[in-house]
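Source file: target06.txt. Holds: compact mmCIF, C-alpha atoms.
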# COMPACT_ATOMS: atom_id res chain seq x y z
CA MET W 1 3.53 3.60 17.71
CA LEU W 2 5.98 5.29 15.34
CA ALA W 3 5.12 2.86 12.53
CA LYS W 4 1.41 3.51 13.02
CA ALA W 5 1.91 7.29 13.03
CA LEU W 6 3.97 7.14 9.84
CA LYS W 7 1.41 4.86 8.22
CA GLU W 8 -1.42 7.26 9.06
CA LYS W 9 0.57 10.20 7.66
CA GLY W 10 1.15 8.12 4.53
CA ASN W 11 -2.58 7.44 4.26
CA LYS W 12 -3.26 11.16 4.53
CA SER W 13 -0.72 11.97 1.81
CA TYR W 14 -2.13 9.22 -0.40
CA GLY W 15 -5.65 10.55 0.10
CA GLY W 16 -4.39 14.01 -0.81
CA GLY W 17 -2.85 12.79 -4.05
CA ASP W 18 0.79 13.15 -2.96
CA ASN W 19 1.97 9.71 -4.04
CA ILE W 20 5.68 10.41 -3.62
CA GLU W 21 5.31 11.57 -0.03
CA ALA W 22 2.95 8.66 0.71
CA MET W 23 5.52 6.19 -0.64
CA ASN W 24 8.31 7.70 1.45
CA LEU W 25 6.16 7.52 4.58
CA TYR W 26 5.07 3.93 3.94
CA ASN W 27 8.69 2.89 3.40
CA GLN W 28 9.71 4.57 6.67
CA ALA W 29 6.78 2.99 8.49
CA LEU W 30 7.83 -0.47 7.32
CA CYS W 31 11.29 -0.01 8.84
CA TYR W 32 9.79 0.71 12.27
CA SER W 33 6.99 -1.85 12.20
CA SER W 34 6.84 -5.24 13.86
CA CYS W 35 6.75 -8.25 11.55
CA GLU W 36 4.64 -10.16 14.07
CA PRO W 37 1.23 -11.33 12.76
CA GLY W 38 -1.43 -8.76 13.52
CA GLY W 39 1.07 -5.89 13.58
CA GLU W 40 1.29 -2.87 11.33
CA TYR W 41 3.74 -4.53 8.93
CA SER W 42 1.21 -6.43 6.81
CA VAL W 43 -1.21 -3.47 6.73
CA ILE W 44 1.51 -1.07 5.56
CA LEU W 45 2.48 -3.47 2.78
CA ALA W 46 -1.17 -3.68 1.76
CA ASN W 47 -1.46 0.11 1.69
CA ARG W 48 1.70 0.38 -0.38
CA SER W 49 0.32 -2.19 -2.83
CA ALA W 50 -2.69 0.11 -3.40
CA LEU W 51 -0.29 2.91 -4.28
CA TRP W 52 1.62 0.67 -6.68
CA ALA W 53 -1.71 -0.30 -8.31
CA GLU W 54 -2.55 3.36 -8.89
CA LEU W 55 0.91 3.90 -10.41
CA GLY W 56 0.51 0.88 -12.71
CA GLU W 57 3.41 -1.03 -11.12
CA HIS W 58 1.64 -4.37 -11.29
CA LYS W 59 4.62 -6.58 -10.50
CA LEU W 60 5.24 -4.59 -7.34
CA VAL W 61 1.54 -4.91 -6.44
CA GLU W 62 1.89 -8.68 -6.68
CA GLU W 63 5.04 -8.72 -4.54
CA ASP W 64 3.60 -6.51 -1.79
CA VAL W 65 0.32 -8.42 -1.67
CA ASN W 66 2.17 -11.73 -1.44
CA LEU W 67 4.30 -10.45 1.41
CA ALA W 68 1.34 -8.86 3.21
CA ILE W 69 -0.62 -12.12 3.16
CA GLU W 70 2.43 -14.13 4.24
CA SER W 71 2.93 -11.66 7.09
CA GLY W 72 -0.53 -12.24 8.58
CA TYR W 73 -2.80 -9.68 6.94
CA PRO W 74 -6.21 -9.88 8.71
CA ASP W 75 -8.43 -12.64 7.28
CA LYS W 76 -11.51 -10.41 7.35
CA MET W 77 -9.92 -8.01 4.86
CA VAL W 78 -7.78 -10.35 2.75
CA PHE W 79 -10.36 -10.44 -0.06
CA LYS W 80 -9.38 -6.84 -0.90
CA LEU W 81 -5.78 -7.85 -1.50
CA GLN W 82 -6.76 -10.86 -3.60
CA GLU W 83 -9.00 -8.66 -5.75
CA ARG W 84 -6.19 -6.11 -6.16
CA ARG W 85 -3.67 -8.81 -7.06
CA SER W 86 -6.15 -10.32 -9.53
CA LYS W 87 -6.46 -7.00 -11.36
CA SER W 88 -2.69 -6.63 -11.54
CA ARG W 89 -2.26 -10.18 -12.79
CA LEU W 90 -4.93 -9.51 -15.38
CA ALA W 91 -2.97 -6.45 -16.50
CA MET W 92 0.16 -8.61 -16.75
CA LYS W 93 -1.83 -11.28 -18.68
CA ASN W 94 -1.22 -13.88 -15.97
CA LEU W 95 -4.80 -14.97 -16.43
CA ASP W 96 -4.84 -18.33 -14.66
CA LEU W 97 -3.44 -16.78 -11.50
CA ALA W 98 -5.83 -13.82 -11.86
CA SER W 99 -8.74 -16.25 -12.05
CA GLU W 100 -7.55 -18.08 -8.94
CA ASP W 101 -7.41 -14.77 -7.07
CA VAL W 102 -11.00 -13.91 -7.97
CA SER W 103 -12.16 -17.27 -6.66
CA LEU W 104 -10.20 -16.77 -3.43
CA ALA W 105 -11.59 -13.26 -3.00
CA SER W 106 -15.15 -14.50 -3.49
CA THR W 107 -14.65 -17.22 -0.90
CA ASN W 108 -13.01 -14.92 1.66
CA LEU W 109 -15.60 -12.21 1.10
CA LYS W 110 -18.09 -14.38 3.00
CA ASP W 111 -15.88 -14.16 6.11
CA SER W 112 -15.34 -10.42 5.84
CA ASN W 113 -16.67 -7.81 8.25
CA LEU W 114 -18.76 -6.14 5.54
CA ASP W 115 -22.50 -5.97 6.07
CA GLU W 116 -24.81 -7.95 3.79
CA ALA W 117 -25.51 -5.11 1.38
CA LYS W 118 -21.81 -4.31 0.90
CA GLN W 119 -21.00 -7.99 0.46
CA LYS W 120 -23.56 -8.26 -2.34
CA ALA W 121 -22.16 -5.16 -4.05
CA LYS W 122 -18.59 -6.45 -3.82
CA SER W 123 -19.68 -9.89 -5.03
CA LYS W 124 -21.08 -8.27 -8.18
CA ASP W 125 -17.76 -6.47 -8.73
CA LEU W 126 -15.89 -9.77 -8.41
CA ASP W 127 -18.29 -11.47 -10.84
CA LYS W 128 -17.61 -8.74 -13.41
CA LEU W 129 -13.88 -9.17 -12.92
CA LYS W 130 -14.21 -12.94 -13.30
CA THR W 131 -16.17 -12.50 -16.54
CA LEU W 132 -13.52 -10.14 -17.91
CA ILE W 133 -10.75 -12.63 -17.10
CA GLU W 134 -12.67 -15.49 -18.73
CA LYS W 135 -13.05 -13.45 -21.92
CA GLU W 136 -9.32 -12.82 -21.96
CA ILE W 137 -8.63 -16.53 -21.45
CA LYS W 138 -10.94 -17.45 -24.34
CA SER W 139 -9.14 -14.96 -26.56
CA GLY W 140 -6.01 -17.07 -26.17
CA LEU W 141 -3.85 -14.33 -24.67
CA ASN W 142 -2.90 -16.29 -21.56
CA ASN W 143 0.86 -16.13 -21.96
CA GLY W 144 1.74 -13.31 -19.58
CA ILE W 145 3.79 -10.25 -20.43
CA VAL W 146 7.29 -11.36 -21.36
CA GLU W 147 9.87 -9.24 -19.59
CA SER W 148 13.17 -8.61 -21.29
CA PRO W 149 15.79 -10.77 -19.57
CA LYS W 150 18.38 -8.91 -17.55
CA THR W 151 21.75 -9.27 -19.18
CA CYS W 152 25.18 -8.46 -17.83
CA PRO W 153 27.83 -6.86 -20.02
CA SER W 154 30.44 -9.25 -21.32
CA PHE W 155 33.80 -9.32 -23.06
CA LYS W 156 34.46 -10.61 -26.53
CA GLN W 157 37.45 -12.34 -24.98
CA LYS W 158 38.45 -12.65 -21.33
CA ASN W 159 41.87 -12.65 -19.76
CA VAL W 160 42.26 -16.38 -19.07
CA LYS W 161 44.00 -16.01 -15.70
CA PHE W 162 42.21 -12.83 -14.62
CA PRO W 163 38.64 -13.29 -15.95
CA SER W 164 37.48 -10.00 -14.41
CA PHE W 165 39.52 -8.33 -17.18
CA SER W 166 39.28 -8.55 -20.94
CA ASP W 167 42.23 -9.77 -22.95
CA ALA W 168 43.18 -6.10 -23.40
CA VAL W 169 44.55 -6.09 -19.85
CA GLN W 170 47.60 -8.04 -18.76
CA ILE W 171 48.75 -8.43 -15.15
CA LYS W 172 52.44 -8.28 -14.31
CA TYR W 173 54.44 -8.45 -11.09
CA GLY W 174 57.34 -6.40 -9.79
CA GLU W 175 59.31 -6.76 -6.55
CA GLY W 176 58.29 -4.03 -4.14
CA ARG W 177 55.46 -3.08 -6.44
CA GLY W 178 53.29 -6.17 -6.45
CA ARG W 179 50.85 -6.94 -9.24
CA TYR W 180 49.92 -4.21 -11.67
CA ALA W 181 47.96 -3.91 -14.90
CA VAL W 182 49.26 -2.95 -18.33
CA ALA W 183 47.62 -2.78 -21.73
CA GLY W 184 48.13 -6.00 -23.67
CA ARG W 185 46.92 -4.46 -26.91
CA GLU W 186 45.42 -1.25 -28.22
CA ILE W 187 42.27 -0.34 -26.26
CA LYS W 188 39.50 1.47 -28.08
CA VAL W 189 37.78 4.50 -26.56
CA GLY W 190 34.81 3.31 -24.50
CA GLU W 191 35.85 -0.33 -24.66
CA LEU W 192 34.81 -2.44 -21.67
CA ILE W 193 37.90 -3.85 -19.98
CA ALA W 194 36.77 -4.88 -16.47
CA ILE W 195 33.72 -6.56 -14.89
CA GLU W 196 34.17 -7.46 -11.26
CA THR W 197 32.12 -9.11 -8.54
CA PRO W 198 33.66 -8.07 -5.21
CA PHE W 199 34.28 -10.60 -2.48
CA VAL W 200 32.92 -8.11 0.03
CA SER W 201 31.05 -4.84 -0.38
CA LEU W 202 29.33 -2.26 1.79
CA ILE W 203 26.84 0.49 1.03
CA ASP W 204 27.36 4.08 2.20
CA LYS W 205 25.01 5.20 4.97
CA GLU W 206 23.34 7.86 2.81
CA PHE W 207 22.07 5.10 0.49
CA SER W 208 21.12 2.55 3.15
CA LYS W 209 17.39 3.33 3.07
CA ASN W 210 16.87 3.17 -0.69
CA HIS W 211 19.44 0.59 -1.80
CA CYS W 212 19.54 -3.10 -1.04
CA TRP W 213 21.86 -3.92 1.87
CA ASN W 214 22.84 -7.16 0.15
CA CYS W 215 23.13 -6.57 -3.61
CA LEU W 216 23.47 -2.74 -3.40
CA LEU W 217 20.90 -2.12 -6.14
CA CYS W 218 18.52 0.79 -5.85
CA THR W 219 15.07 -0.48 -4.88
CA LYS W 220 11.73 1.24 -5.45
CA SER W 221 9.92 -1.11 -3.11
CA PRO W 222 12.23 -1.82 -0.15
CA ILE W 223 11.51 -4.40 2.50
CA PRO W 224 13.21 -3.99 5.89
CA CYS W 225 15.20 -6.31 8.07
CA GLU W 226 12.77 -8.18 10.33
CA GLN W 227 14.80 -7.37 13.45
CA CYS W 228 16.24 -3.87 12.99
CA SER W 229 15.31 -0.58 11.35
CA GLY W 230 18.77 0.09 9.99
CA VAL W 231 18.70 -1.55 6.57
CA VAL W 232 16.41 -2.49 3.68
CA TYR W 233 16.48 -5.10 0.93
CA CYS W 234 15.14 -5.39 -2.60
CA SER W 235 13.67 -8.86 -2.07
CA LYS W 236 13.11 -11.64 0.43
CA GLU W 237 15.90 -13.57 -1.25
CA CYS W 238 18.47 -10.84 -0.58
CA ARG W 239 17.22 -10.48 2.98
CA GLN W 240 17.56 -14.21 3.60
CA ASN W 241 21.03 -14.31 2.06
CA ALA W 242 22.19 -11.48 4.34
CA ASN W 243 20.59 -13.05 7.42
CA ASP W 244 22.20 -16.39 6.69
CA THR W 245 25.67 -14.83 6.57
CA TYR W 246 26.96 -11.44 7.74
CA HIS W 247 23.89 -9.49 8.86
CA ARG W 248 23.26 -11.61 11.94
CA TYR W 249 26.49 -10.07 13.31
CA GLU W 250 25.59 -6.53 12.24
CA CYS W 251 21.88 -6.46 13.05
CA LEU W 252 21.01 -3.76 15.64
CA TYR W 253 24.57 -2.40 15.37
CA THR W 254 24.58 -0.80 11.92
CA ASP W 255 24.26 2.77 13.24
CA ILE W 256 27.09 2.15 15.72
CA LEU W 257 29.30 0.77 12.96
CA TYR W 258 28.63 3.81 10.77
CA GLN W 259 29.10 6.34 13.59
CA ALA W 260 32.42 4.76 14.56
CA HIS W 261 33.88 5.87 11.18
CA LEU W 262 35.66 2.55 10.83
CA GLY W 263 36.59 3.05 7.22
CA ALA W 264 37.62 -0.20 5.57
CA TRP W 265 37.66 -1.99 8.94
CA HIS W 266 33.91 -2.36 8.45
CA LEU W 267 34.64 -4.22 5.22
CA ALA W 268 37.17 -6.38 7.03
CA TYR W 269 34.56 -7.19 9.68
CA ARG W 270 32.04 -8.20 7.03
CA ALA W 271 34.64 -10.29 5.22
CA LEU W 272 35.07 -12.33 8.40
CA THR W 273 31.37 -12.55 9.26
CA SER W 274 30.41 -13.64 5.75
CA ARG W 275 31.71 -17.13 6.56
CA PRO W 276 31.50 -19.32 9.68
CA TRP W 277 34.53 -18.96 11.94
CA ALA W 278 35.42 -22.62 11.34
CA PHE W 279 35.84 -21.76 7.66
CA PHE W 280 38.89 -19.71 8.64
CA SER W 281 40.17 -21.56 11.71
CA ASP W 282 40.19 -24.95 9.98
CA ASN W 283 42.31 -23.55 7.13
CA LEU W 284 44.46 -21.11 9.08
CA ASP W 285 47.77 -22.20 7.52
CA GLN W 286 46.37 -21.60 4.06
CA TYR W 287 45.32 -18.04 4.93
CA LEU W 288 48.62 -17.23 6.63
CA ASN W 289 50.49 -18.28 3.49
CA HIS W 290 50.10 -15.00 1.64
CA ASN W 291 50.93 -15.25 -2.07
CA GLU W 292 51.20 -11.82 -3.66
CA LYS W 293 52.10 -13.42 -7.02
CA SER W 294 48.79 -15.28 -7.23
CA GLY W 295 47.60 -15.47 -10.82
CA VAL W 296 50.97 -14.39 -12.21
CA ASP W 297 53.54 -17.11 -11.60
CA ASN W 298 51.32 -20.20 -11.30
CA ASP W 299 48.26 -21.82 -12.80
CA ASP W 300 45.82 -20.16 -10.37
CA VAL W 301 42.89 -18.29 -11.87
CA TYR W 302 42.41 -15.00 -10.03
CA LYS W 303 38.70 -14.50 -9.34
CA SER W 304 37.83 -11.39 -7.36
CA GLU W 305 34.85 -13.05 -5.64
CA ASP W 306 37.09 -15.89 -4.37
CA ILE W 307 38.18 -15.56 -0.75
CA MET W 308 41.76 -16.63 -1.56
CA SER W 309 42.07 -13.85 -4.12
CA PHE W 310 40.81 -11.47 -1.44
CA ASN W 311 43.33 -12.90 1.02
CA ASN W 312 46.18 -12.42 -1.46
CA LEU W 313 45.58 -8.72 -2.07
CA VAL W 314 48.67 -6.52 -1.64
CA THR W 315 49.23 -2.92 -0.60
CA HIS W 316 49.89 -0.16 -3.11
CA ASP W 317 53.38 0.92 -4.08
CA GLY W 318 54.98 3.19 -1.50
CA VAL W 319 52.74 2.36 1.44
CA GLY W 320 54.79 -0.46 2.96
CA CYS W 321 55.85 1.74 5.88
CA LYS W 322 52.31 2.64 6.88
CA GLN W 323 50.47 0.87 9.68
CA ALA W 324 47.24 -1.07 9.23
CA PRO W 325 44.86 1.54 10.75
CA GLU W 326 46.06 4.25 8.37
CA LEU W 327 45.88 1.92 5.38
CA MET W 328 42.38 0.77 6.25
CA MET W 329 41.10 4.35 6.58
CA GLN W 330 42.64 5.27 3.22
CA ALA W 331 41.18 2.18 1.58
CA HIS W 332 37.61 3.20 2.46

Please express the file's structure as structure tokens.
Amino acid sequence: MLAKALKEKGNKSYGGGDNIEAMNLYNQALCYSSCEPGGEYSVILANRSALWAELGEHKLVEEDVNLAIESGYPDKMVFKLQERRSKSRLAMKNLDLASEDVSLASTNLKDSNLDEAKQKAKSKDLDKLKTLIEKEIKSGLNNGIVESPKTCPSFKQKNVKFPSFSDAVQIKYGEGRGRYAVAGREIKVGELIAIETPFVSLIDKEFSKNHCWNCLLCTKSPIPCEQCSGVVYCSKECRQNANDTYHRYECLYTDILYQAHLGAWHLAYRALTSRPWAFFSDNLDQYLNHNEKSGVDNDDVYKSEDIMSFNNLVTHDGVGCKQAPELMMQAH
């Protein structure tokens, strides 16, 4: 009922021209909707796709339409989504796919709940769209809009044993101090010296409804967990990755975990749930053999996303007398 109420408020805002409020309401409605076929989930996605179309976000139109259809959008109305996706694909110059959508929409129009007069009118609209796409195809512009590839920053030269650092950073070791970083050469102002992929990460609660629970990136078009209303993702791929690993142990408990103010213990919990228990129990001796000199006095390469590097982390200088609970709270 809550999802339906939020959806209807979103429709009202959309009809009144308040696109931002409509988007916020649709996103909230998705979090509280059932993913079961015939539920509000597919309809809310369809409504949001109409908003993306108006805003010219054609890639997001395509993604929402795909997900709405996969989620059981009613067959009697699916022609509307195929027509909308066709227009967005036309705008993106994905002409073959746009043409396929027009054909699908024309076929499904016959099974719609429109009366005969409205079907004829819509059929004419689809014929015009088909003609426009065919003209574009004949013009030879059927290559699609080429998006600039996403690139990550990189070093001119990495630290061989600590590849998360550039060669400007050297890692040393001192008894009672552990590993520490020093400059290996002169570092220029603004020079990139570290790029790190964490072994485990966690998003703050205040960002949990507009950032991906898995990759932490801000998402304009969030999709929720299929079981709980606590988290959102940027894509089906991130959602599946989370469900296959740690989120199955957090699902339905995210609010409790946040309210408990666990600090870094939440990170520790996720570190354990990110792998099957057998992954740890079968190699227990290896994990109990803590090596705080890893990457310094042997041939090991210290990679921050590697679980053994995570296992070999050491406390900061001067905190050896503190107990684990205090350290974990300070580490958060």

**OP:** Quick one: everything within 10 Å of region 20-27 of chain W, counting only C-alpha atoms, minus sequence neighbours fewer than 6 positions away in the same chain. Send it as number ranges by chain.
**Re:** W: 3-14, 41, 44-45, 47-48, 51-52, 209-210, 220-224, 232

Please dump the current selection as a CSV table (one decimal), in the coordinates of the input; keep C-alpha atoms.
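To be explicit, this is the file written out as part08.csv:
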chain,number,residue,atom,x,y,z
W,3,ALA,CA,5.1,2.9,12.5
W,4,LYS,CA,1.4,3.5,13.0
W,5,ALA,CA,1.9,7.3,13.0
W,6,LEU,CA,4.0,7.1,9.8
W,7,LYS,CA,1.4,4.9,8.2
W,8,GLU,CA,-1.4,7.3,9.1
W,9,LYS,CA,0.6,10.2,7.7
W,10,GLY,CA,1.2,8.1,4.5
W,11,ASN,CA,-2.6,7.4,4.3
W,12,LYS,CA,-3.3,11.2,4.5
W,13,SER,CA,-0.7,12.0,1.8
W,14,TYR,CA,-2.1,9.2,-0.4
W,41,TYR,CA,3.7,-4.5,8.9
W,44,ILE,CA,1.5,-1.1,5.6
W,45,LEU,CA,2.5,-3.5,2.8
W,47,ASN,CA,-1.5,0.1,1.7
W,48,ARG,CA,1.7,0.4,-0.4
W,51,LEU,CA,-0.3,2.9,-4.3
W,52,TRP,CA,1.6,0.7,-6.7
W,209,LYS,CA,17.4,3.3,3.1
W,210,ASN,CA,16.9,3.2,-0.7
W,220,LYS,CA,11.7,1.2,-5.4
W,221,SER,CA,9.9,-1.1,-3.1
W,222,PRO,CA,12.2,-1.8,-0.2
W,223,ILE,CA,11.5,-4.4,2.5
W,224,PRO,CA,13.2,-4.0,5.9
W,232,VAL,CA,16.4,-2.5,3.7

**OP:** Return the single residue from W:Gly56, W:Gly39, W:Gly72, W:Gly17 that is closest to Ser88 (chain W), with distances computed using only C-alpha atoms.
**Re:** W:Gly56

Would you pick out the contacts of region 177-187 of chain W at 7 Å or less, using all atoms listed in the file, so that residues sharing its chain but fewer than 5 positions from it are not included, and give the list as a CSV table (one decimal) with C-alpha atoms, in the frame of the given file?
chain,number,residue,atom,x,y,z
W,168,ALA,CA,43.2,-6.1,-23.4
W,169,VAL,CA,44.6,-6.1,-19.8
W,170,GLN,CA,47.6,-8.0,-18.8
W,171,ILE,CA,48.8,-8.4,-15.2
W,172,LYS,CA,52.4,-8.3,-14.3
W,292,GLU,CA,51.2,-11.8,-3.7
W,293,LYS,CA,52.1,-13.4,-7.0
W,314,VAL,CA,48.7,-6.5,-1.6
W,317,ASP,CA,53.4,0.9,-4.1

**OP:** List every protein, DNA or RNA residue that has at least one atom no more than 10 Å from (25.2, -1.6, 4.0) in the file's coordinates, counting all atoms listed in the file, and write the result as a ChimeraX atom specification.
**Re:** /W:201-209,211-216,230-233,247,250,254,258,266-267,270

Subject >> Within 10 Å of Leu272 (chain W) using only C-alpha atoms, minus same-chain residues under 4 positions, as a list of chain:residue names >> reply: W:Val200, W:Thr245, W:Tyr246, W:Leu267, W:Ala268, W:Pro276, W:Trp277, W:Phe279, W:Phe280

Original post:
Which one is closest to Glu70 (chain W): W:Cys35, W:Leu129, W:Asp300, W:Ala264? Count only C-alpha atoms.
Top reply: W:Cys35

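The spacing separating CA of Pro37 (chain W) from CA of Gln227 (chain W) amounts to 14.2 Å.
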
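In this comparison, which uses only C-alpha atoms, the residue of W:Lys59, W:Lys161, W:Lys122, W:Lys93 approaching Phe79 (chain W) most closely is W:Lys122.
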
Original post:
What gap, in Å, lies between CA of Gly174 (chain W) and CA of Gln286 (chain W)?
Top reply: 23.3 Å

Subject >> Selected residue, from W:Asp244, W:Asp75, W:Ser294, W:Asp299, that lies nearest to Thr273 (chain W) when counting only C-alpha atoms >> reply: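 Of W:Asp244, W:Asp75, W:Ser294, W:Asp299, the one nearest Thr273 (chain W), counting only C-alpha atoms, is W:Asp244.
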
Original post:
Between CA of Met77 (chain W) and CA of Ser49 (chain W), what is the distance, to one decimal in Å?
Top reply: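 Distance reported for this atom pair: 14.1 Å.
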
Subject >> Proximity to Glu226 (chain W) - best of W:Leu2, W:Cys31, W:Val160, W:Ile133, all atoms listed in the file >> reply: W:Cys31

**OP:** Mind checking which residues fall within 10 Å of Met1 (chain W), counting only C-alpha atoms, ignoring those fewer than 6 positions away in the same chain, and posting them as a PyMOL selection string?
**Re:** chain W and resi 7+29+32-33+40

With C-alpha atoms retained, export the selected residues as a PDB file, in the coordinates of the input.
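Contents of the output file result36.pdb:
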ATOM      1  CA  LYS W   7       1.410   4.860   8.220  1.00  0.00           C
ATOM      2  CA  ALA W  29       6.780   2.990   8.490  1.00  0.00           C
ATOM      3  CA  TYR W  32       9.790   0.710  12.270  1.00  0.00           C
ATOM      4  CA  SER W  33       6.990  -1.850  12.200  1.00  0.00           C
ATOM      5  CA  GLU W  40       1.290  -2.870  11.330  1.00  0.00           C
TER       6      GLU W  40
END

Original post:
Do you know which residues are at most 12 Å from Val102 (chain W) counting only C-alpha atoms, after dropping those on the same chain fewer than 3 positions away, and could you put them as a ChimeraX atom specification?
Top reply: /W:78-90,95-99,105-109,122-134

Only C-alpha atoms needed: put region 10-55 of chain W from the block into a file as a PDB file, in the first residue's frame.
ATOM      1  CA  GLY W  10       4.845  10.723  -7.830  1.00  0.00           C
ATOM      2  CA  ASN W  11       2.322  10.658 -10.677  1.00  0.00           C
ATOM      3  CA  LYS W  12       0.702  13.790  -9.286  1.00  0.00           C
ATOM      4  CA  SER W  13       4.056  15.586  -9.033  1.00  0.00           C
ATOM      5  CA  TYR W  14       4.981  14.474 -12.547  1.00  0.00           C
ATOM      6  CA  GLY W  15       1.656  15.732 -13.879  1.00  0.00           C
ATOM      7  CA  GLY W  16       2.282  19.031 -12.113  1.00  0.00           C
ATOM      8  CA  GLY W  17       5.687  19.442 -13.720  1.00  0.00           C
ATOM      9  CA  ASP W  18       7.734  18.827 -10.566  1.00  0.00           C
ATOM     10  CA  ASN W  19      10.153  16.287 -12.027  1.00  0.00           C
ATOM     11  CA  ILE W  20      12.561  16.296  -9.094  1.00  0.00           C
ATOM     12  CA  GLU W  21       9.857  15.536  -6.544  1.00  0.00           C
ATOM     13  CA  ALA W  22       8.355  12.913  -8.866  1.00  0.00           C
ATOM     14  CA  MET W  23      11.740  11.194  -9.183  1.00  0.00           C
ATOM     15  CA  ASN W  24      12.260  11.157  -5.419  1.00  0.00           C
ATOM     16  CA  LEU W  25       8.806   9.661  -4.882  1.00  0.00           C
ATOM     17  CA  TYR W  26       9.247   7.011  -7.572  1.00  0.00           C
ATOM     18  CA  ASN W  27      12.601   6.014  -6.077  1.00  0.00           C
ATOM     19  CA  GLN W  28      11.026   5.717  -2.619  1.00  0.00           C
ATOM     20  CA  ALA W  29       8.105   3.753  -4.035  1.00  0.00           C
ATOM     21  CA  LEU W  30      10.475   1.254  -5.637  1.00  0.00           C
ATOM     22  CA  CYS W  31      12.099   0.530  -2.272  1.00  0.00           C
ATOM     23  CA  TYR W  32       8.741  -0.411  -0.737  1.00  0.00           C
ATOM     24  CA  SER W  33       7.289  -2.287  -3.702  1.00  0.00           C
ATOM     25  CA  SER W  34       7.042  -6.015  -4.245  1.00  0.00           C
ATOM     26  CA  CYS W  35       9.102  -7.443  -7.102  1.00  0.00           C
ATOM     27  CA  GLU W  36       6.478 -10.123  -7.690  1.00  0.00           C
ATOM     28  CA  PRO W  37       4.937 -10.121 -11.213  1.00  0.00           C
ATOM     29  CA  GLY W  38       1.802  -8.015 -11.282  1.00  0.00           C
ATOM     30  CA  GLY W  39       2.958  -5.843  -8.380  1.00  0.00           C
ATOM     31  CA  GLU W  40       3.702  -2.140  -8.320  1.00  0.00           C
ATOM     32  CA  TYR W  41       7.419  -2.620  -9.020  1.00  0.00           C
ATOM     33  CA  SER W  42       7.211  -2.930 -12.814  1.00  0.00           C
ATOM     34  CA  VAL W  43       4.663  -0.101 -13.081  1.00  0.00           C
ATOM     35  CA  ILE W  44       6.834   2.266 -11.031  1.00  0.00           C
ATOM     36  CA  LEU W  45       9.825   1.486 -13.234  1.00  0.00           C
ATOM     37  CA  ALA W  46       7.691   2.195 -16.294  1.00  0.00           C
ATOM     38  CA  ASN W  47       6.551   5.522 -14.836  1.00  0.00           C
ATOM     39  CA  ARG W  48      10.126   6.468 -14.025  1.00  0.00           C
ATOM     40  CA  SER W  49      11.174   5.619 -17.585  1.00  0.00           C
ATOM     41  CA  ALA W  50       8.628   8.195 -18.840  1.00  0.00           C
ATOM     42  CA  LEU W  51      10.279  10.789 -16.627  1.00  0.00           C
ATOM     43  CA  TRP W  52      13.726   9.868 -17.929  1.00  0.00           C
ATOM     44  CA  ALA W  53      12.385  10.197 -21.500  1.00  0.00           C
ATOM     45  CA  GLU W  54      11.168  13.715 -20.779  1.00  0.00           C
ATOM     46  CA  LEU W  55      14.571  14.584 -19.298  1.00  0.00           C
TER      47      LEU W  55
END
